[in-house]
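Here is model.txt, consisting of compact mmCIF, C-alpha atoms:
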# COMPACT_ATOMS: atom_id res chain seq x y z
CA MET A 11 2.47 -12.02 -6.14
CA CYS A 12 2.88 -12.83 -2.45
CA HIS A 13 5.41 -13.97 0.13
CA ARG A 14 4.12 -15.53 3.34
CA SER A 15 0.53 -15.82 2.08
CA ILE A 16 1.31 -18.22 -0.75
CA ALA A 17 -1.35 -20.76 0.32
CA GLU A 18 -4.02 -18.05 0.38
CA GLY A 19 -2.78 -16.70 -2.94
CA GLU A 20 -2.95 -20.10 -4.60
CA ALA A 21 -6.44 -20.68 -3.19
CA LEU A 22 -7.61 -17.35 -4.59
CA ALA A 23 -5.97 -17.99 -7.96
CA ALA A 24 -7.81 -21.31 -8.21
CA THR A 25 -11.16 -19.48 -8.09
CA LEU A 26 -10.32 -17.12 -10.97
CA PRO A 27 -10.52 -17.85 -14.70
CA SER A 28 -6.93 -16.86 -15.47
CA ALA A 29 -4.62 -16.38 -12.51
CA GLU A 30 -1.58 -17.78 -10.79
CA ALA A 31 0.26 -17.13 -7.53
CA VAL A 32 3.94 -16.20 -7.67
CA ARG A 33 6.10 -16.03 -4.54
CA CYS A 34 8.84 -13.50 -3.79
CA ASP A 35 10.40 -11.81 -0.75
CA LEU A 36 10.67 -8.10 -1.52
CA ALA A 37 13.43 -7.78 1.05
CA ASP A 38 15.56 -9.18 -1.79
CA GLY A 39 15.41 -6.45 -4.42
CA ASP A 40 17.28 -8.49 -7.05
CA ALA A 41 14.80 -11.37 -6.67
CA ALA A 42 11.89 -8.95 -7.05
CA VAL A 43 13.32 -7.59 -10.30
CA ALA A 44 14.03 -11.10 -11.60
CA MET A 45 10.43 -12.11 -10.86
CA VAL A 46 9.03 -9.16 -12.82
CA ARG A 47 11.32 -9.77 -15.76
CA ALA A 48 10.43 -13.48 -15.87
CA LEU A 49 6.71 -12.70 -15.83
CA ALA A 50 7.07 -10.03 -18.51
CA GLU A 51 8.93 -12.48 -20.74
CA ARG A 52 6.09 -15.01 -20.79
CA LEU A 53 3.02 -12.76 -20.46
CA GLY A 54 1.83 -11.44 -23.80
CA GLU A 55 -0.45 -8.85 -22.20
CA TRP A 56 0.33 -7.34 -18.78
CA ARG A 57 -1.83 -4.27 -18.31
CA ALA A 58 -1.07 -3.25 -14.73
CA LEU A 59 1.42 -3.73 -11.91
CA VAL A 60 -0.03 -3.04 -8.46
CA ASN A 61 2.65 -2.75 -5.77
CA CYS A 62 0.77 -3.31 -2.52
CA ALA A 63 3.10 -5.47 -0.40
CA SER A 64 4.55 -3.79 2.68
CA VAL A 65 5.84 -4.27 6.21
CA PHE A 66 4.29 -2.38 9.13
CA ARG A 67 6.45 -2.51 12.24
CA ARG A 68 6.45 -0.17 15.20
CA ASP A 69 8.99 2.50 15.95
CA ASP A 70 8.39 6.21 16.45
CA ALA A 71 9.79 9.68 15.87
CA THR A 72 11.66 9.64 19.19
CA ALA A 73 13.41 6.31 18.60
CA LEU A 74 14.02 5.18 15.05
CA ASP A 75 14.95 1.50 14.92
CA PRO A 76 17.69 1.05 12.27
CA ALA A 77 16.67 -2.52 11.43
CA ILE A 78 13.01 -1.61 11.08
CA PHE A 79 13.97 1.41 8.98
CA ALA A 80 16.17 -0.61 6.62
CA GLU A 81 13.51 -3.27 6.11
CA ALA A 82 10.74 -0.73 5.56
CA MET A 83 12.70 1.28 3.02
CA GLN A 84 13.65 -1.87 1.12
CA VAL A 85 10.27 -3.61 1.07
CA ASN A 86 7.99 -0.56 0.96
CA ALA A 87 9.97 1.75 -1.33
CA ALA A 88 13.11 0.43 -3.03
CA SER A 89 11.72 -2.88 -4.26
CA PRO A 90 8.45 -1.40 -5.62
CA VAL A 91 10.45 1.24 -7.52
CA ARG A 92 12.83 -1.34 -8.98
CA MET A 93 9.89 -3.59 -9.89
CA THR A 94 8.25 -0.64 -11.63
CA GLN A 95 11.40 0.07 -13.60
CA ALA A 96 11.67 -3.60 -14.64
CA TYR A 97 7.98 -3.72 -15.58
CA LEU A 98 8.18 -0.58 -17.73
CA ALA A 99 11.34 -1.83 -19.39
CA THR A 100 10.03 -5.30 -20.32
CA ALA A 101 6.24 -5.75 -20.02
CA ARG A 102 3.90 -5.58 -23.01
CA SER A 103 0.36 -4.17 -23.16
CA THR A 104 -1.59 -3.04 -26.21
CA ALA A 105 -3.71 -0.75 -24.01
CA GLY A 106 -0.79 1.04 -22.34
CA ARG A 107 0.88 0.01 -19.13
CA ARG A 108 -0.25 1.09 -15.67
CA VAL A 109 1.62 1.08 -12.36
CA ILE A 110 -0.24 1.60 -9.09
CA GLN A 111 1.91 2.27 -6.04
CA VAL A 112 -0.09 1.59 -2.88
CA THR A 113 0.96 4.19 -0.33
CA ASP A 114 -1.08 5.26 2.74
CA GLN A 115 -3.30 8.15 3.79
CA LYS A 116 -0.44 8.96 6.17
CA ILE A 117 1.28 10.75 3.29
CA ALA A 118 -1.26 13.54 3.86
CA ASN A 119 -2.05 12.91 7.53
CA PRO A 120 1.23 11.88 9.23
CA ASN A 121 1.81 11.20 12.91
CA PRO A 122 4.92 10.16 14.91
CA ASP A 123 3.94 6.48 15.25
CA PHE A 124 5.25 3.74 12.93
CA PHE A 125 7.94 6.23 11.95
CA SER A 126 9.99 4.11 9.54
CA TYR A 127 6.88 2.74 7.85
CA THR A 128 5.54 6.25 7.30
CA MET A 129 8.87 7.50 5.93
CA SER A 130 8.97 4.59 3.48
CA LYS A 131 5.47 5.35 2.21
CA HIS A 132 6.37 9.03 1.79
CA ALA A 133 9.44 7.94 -0.17
CA LEU A 134 7.37 5.72 -2.46
CA ALA A 135 4.78 8.48 -2.97
CA ALA A 136 7.53 10.91 -3.98
CA THR A 137 8.55 8.66 -6.86
CA VAL A 138 5.16 8.72 -8.59
CA ALA A 139 5.44 12.16 -10.19
CA MET A 140 9.11 11.68 -11.04
CA MET A 141 8.56 8.32 -12.69
CA GLN A 142 5.56 9.64 -14.58
CA MET A 143 7.73 12.38 -16.03
CA ALA A 144 10.18 9.75 -17.26
CA ALA A 145 7.52 7.31 -18.53
CA ALA A 146 6.98 6.45 -22.18
CA PRO A 147 3.91 7.87 -23.95
CA GLY A 148 0.84 5.86 -22.99
CA ASP A 149 2.24 4.62 -19.69
CA ARG A 150 0.74 5.87 -16.43
CA ILE A 151 1.98 5.74 -12.83
CA HIS A 152 -0.44 6.44 -9.99
CA ALA A 153 -0.59 6.27 -6.19
CA LEU A 154 -3.43 4.61 -4.32
CA ALA A 155 -3.59 5.74 -0.68
CA PRO A 156 -5.84 3.67 1.60
CA GLY A 157 -6.70 4.42 5.17
CA ALA A 158 -7.18 1.85 7.93
CA ILE A 159 -8.67 -1.24 6.28
CA LEU A 160 -7.77 -4.47 8.13
CA PRO A 161 -6.77 -5.11 11.75
CA SER A 162 -3.05 -4.34 11.98
CA HIS A 163 -0.11 -4.52 14.38
CA ASP A 164 -1.55 -6.14 17.55
CA GLN A 165 -5.19 -5.09 17.17
CA ASP A 166 -8.15 -7.34 17.82
CA GLU A 167 -11.31 -6.98 15.75
CA GLY A 168 -13.05 -4.81 18.36
CA GLU A 169 -10.20 -2.31 18.44
CA ALA A 170 -10.07 -2.31 14.66
CA ASP A 171 -13.77 -1.53 14.41
CA THR A 172 -13.33 1.47 16.71
CA SER A 173 -10.14 2.83 15.19
CA HIS A 174 -11.16 2.33 11.58
CA ARG A 175 -14.15 4.62 12.05
CA MET A 176 -11.92 7.55 13.01
CA ASN A 177 -12.46 9.34 9.72
CA LEU A 178 -14.79 12.03 8.40
CA LEU A 179 -17.54 9.57 7.45
CA ARG A 180 -17.31 7.55 10.69
CA ARG A 181 -17.38 4.31 8.72
CA ARG A 182 -15.06 1.41 7.93
CA THR A 183 -13.52 1.50 4.48
CA GLY A 184 -13.81 -1.90 2.79
CA VAL A 185 -11.19 -3.96 1.02
CA ASP A 186 -13.56 -3.98 -1.96
CA GLU A 187 -13.27 -0.20 -2.16
CA VAL A 188 -9.48 -0.45 -2.36
CA ALA A 189 -9.81 -3.04 -5.14
CA ASP A 190 -12.28 -0.81 -6.97
CA GLY A 191 -9.85 2.10 -6.67
CA ALA A 192 -7.04 0.04 -8.16
CA PHE A 193 -9.29 -1.06 -11.04
CA LEU A 194 -10.26 2.54 -11.72
CA LEU A 195 -6.64 3.66 -11.90
CA ALA A 196 -5.76 0.70 -14.12
CA THR A 197 -8.55 1.27 -16.64
CA ALA A 198 -9.83 4.86 -16.59
CA PRO A 199 -8.52 7.50 -19.03
CA LEU A 200 -6.69 9.47 -16.35
CA ALA A 201 -3.58 11.60 -16.58
CA GLY A 202 -0.64 9.96 -14.85
CA GLY A 203 0.84 11.02 -11.53
CA GLN A 204 -2.42 11.22 -9.59
CA VAL A 205 -3.13 10.08 -6.03
CA LEU A 206 -6.43 8.39 -5.19
CA TYR A 207 -7.32 8.32 -1.48
CA VAL A 208 -9.62 5.48 -0.38
CA ASP A 209 -10.05 6.22 3.31
CA SER A 210 -13.51 7.71 3.99
CA GLY A 211 -11.85 11.10 4.41
CA GLN A 212 -9.24 10.14 7.02
CA HIS A 213 -6.44 11.99 5.19
CA LEU A 214 -8.37 15.26 5.63
CA LEU A 215 -8.01 15.04 9.42
CA ARG A 216 -5.05 15.90 11.62
CA GLN A 217 -4.50 12.98 13.97
CA ALA A 218 -1.73 13.29 16.56
CA ARG A 219 -1.23 9.52 16.79
CA ASP A 220 -1.96 6.40 14.79
CA VAL A 221 -5.62 5.43 15.12
CA ILE A 222 -4.58 2.23 16.91
CA PHE A 223 -3.41 4.32 19.85
CA LEU A 224 -6.13 6.97 19.55
CA ALA A 225 -8.73 4.23 19.96
CA ARG A 226 -6.94 2.84 23.01
CA GLU A 227 -6.68 6.29 24.56
CA GLN A 228 -10.40 6.78 23.94
CA THR A 229 -11.25 3.44 25.56
CA HIS A 230 -9.00 4.17 28.55
CA ALA A 231 -10.56 7.59 29.05
CA ALA A 232 -14.06 6.15 28.88
CA GLY A 233 -13.13 3.48 31.41
CA ALA A 234 -11.64 6.02 33.78
CA GLN A 235 -14.74 8.18 33.49
CA ALA A 236 -17.03 5.24 34.20
CA ALA A 237 -15.00 4.31 37.28
CA ARG A 238 -15.54 7.69 38.91

Just give me the structure as structure tokens.
Amino acid sequence: MCHRSIAEGEALAATLPSAEAVRCDLADGDAAVAMVRALAERLGEWRALVNCASVFRRDDATALDPAIFAEAMQVNAASPVRMTQAYLATARSTAGRRVIQVTDQKIANPNPDFFSYTMSKHALAATVAMMQMAAAPGDRIHALAPGAILPSHDQDEGEADTSHRMNLLRRRTGVDEVADGAFLLATAPLAGGQVLYVDSGQHLLRQARDVIFLAREQTHAAGAQAAR
């Protein structure tokens, strides 16, 4: 399922033995629910729903942007919850159904930057335990919380390499590790309601700003020191 990356999604699907790309804009919650229901109707076995789409736009704790907030809450929280409800109401799986809500390590390590985005991810994370309590026997709902993985906002690759190492292991967390985490949650015999962090320990730190800006502050300080 994708929105703007439909060409990339179709190219990926073409390399897999049994896959297809389906397009939907999660800003339209009714369309997202309709997509899930349509898929559930024709898929005989649908083991897992992974809600990983999100928007990441900048505002901060001193100046919430109402438009950014509304979009973030819709795309990052409301639509994934409604899709989960539609999936659990209609999808079939002989092995039990699994929902994986992709949140962010910011749910444990918040900072004032990207304020609306962070609020939306906290909102989505809060639903996991509640929805697990309401789930049918055999169904499991989990949260998968990555750290910094790909260049984001207005970063170039050099900035990303610096900022993405701002974690306990001083290493970049790979996209393959996030995929492995999702597969684990979808297949392992785990109790529902758990959160899996895939962030090289970033959530165990206390960072006063988003790593994008911490890296820039570090570079600026190093430049100022060298100029002396």

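Distances from A:Ser103, A:Ser130, A:Gln212, A:Asn86 to Trp56 in chain A were compared using only C-alpha atoms, and the smallest one belongs to A:Ser103.
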
Which one of A:Asp166, A:Pro90, A:Leu154, A:Met143 sits closest to Leu194 in chain A if you count all atoms listed in the file?
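Nearest candidate to Leu194 in chain A out of A:Asp166, A:Pro90, A:Leu154, A:Met143: A:Leu154.
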
List the neighbours of Thr72 in chain A out to 12 Å using only C-alpha atoms; skip same-chain residues closer than 5 positions along the sequence, and give me the result as an MDAnalysis selection string.
chainID A and resid 121:126

Straight-line distance linking CA of Val65 in chain A with CA of Gly202 in chain A, stated in Å to one decimal
26.2 Å

To one decimal place in Å, what is the distance between CA of Glu167 in chain A and CA of Arg182 in chain A?
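Value for the CA of Glu167 in chain A-CA of Arg182 in chain A distance: 12.1 Å.
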
Give me the residues near Thr104 in chain A as a PyMOL selection string, where near means some atom within 10 Å (using only C-alpha atoms) and where sequence neighbours in that chain fewer than 5 positions away do not count.
chain A and resi 54-57+148

Using all atoms listed in the file for the distances, tell me which of A:Arg150, A:Leu36, A:Arg47, A:Ala87 is nearest to Thr197 in chain A.
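With all atoms listed in the file as the atom set, the closest residue is A:Arg150.
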
CA of Thr113 in chain A and CA of Ala155 in chain A are how many Å apart?
4.8 Å

Looking at A:Ala101, A:Arg14, A:Glu30, A:Phe79, which one is nearest to Ala63 in chain A, with distances taken over all atoms listed in the file?
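Of the candidates, the smallest distance to Ala63 in chain A is held by A:Arg14.
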
Long-range neighbours of Ser89 in chain A as a ChimeraX atom specification, 7 Å cut-off, only C-alpha atoms, 5 positions minimum in chain:
/A:36,39,42,84

Within 6 Å of (-5.7, 6.6, 2.5), in the coordinates the file gives, what residues turn up when you count all atoms listed in the file, written out as a PDB file with C-alpha atoms, keeping the file's coordinate frame?
ATOM      1  CA  ASP A 114      -1.080   5.260   2.740  1.00  0.00           C
ATOM      2  CA  GLN A 115      -3.300   8.150   3.790  1.00  0.00           C
ATOM      3  CA  ALA A 155      -3.590   5.740  -0.680  1.00  0.00           C
ATOM      4  CA  PRO A 156      -5.840   3.670   1.600  1.00  0.00           C
ATOM      5  CA  GLY A 157      -6.700   4.420   5.170  1.00  0.00           C
ATOM      6  CA  TYR A 207      -7.320   8.320  -1.480  1.00  0.00           C
ATOM      7  CA  VAL A 208      -9.620   5.480  -0.380  1.00  0.00           C
ATOM      8  CA  ASP A 209     -10.050   6.220   3.310  1.00  0.00           C
TER       9      ASP A 209
END

Within 9 Å of Pro120 in chain A, counting only C-alpha atoms, which residues qualify if same-chain residues fewer than 2 places away don't, as a PyMOL selection string?
chain A and resi 115-118+122-123+128+213+216-220

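Of the residues under consideration (A:Ile78, A:Met45, A:Leu98, A:Leu214), A:Leu98 shows the shortest atom-to-atom contact distance to Ala146 in chain A when counting only C-alpha atoms.
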
Surrounding residues of Ala99 in chain A excluding itself and chain neighbours under 4 positions, 12 Å, all atoms listed in the file, as a list of chain:residue names:
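Neighbouring residues, sequence-local ones excluded: A:Val43, A:Val46, A:Arg47, A:Ala50, A:Glu51, A:Arg92, A:Met93, A:Thr94, A:Gln95, A:Ser103, A:Arg107, A:Ala144, A:Ala145, A:Ala146, A:Asp149.
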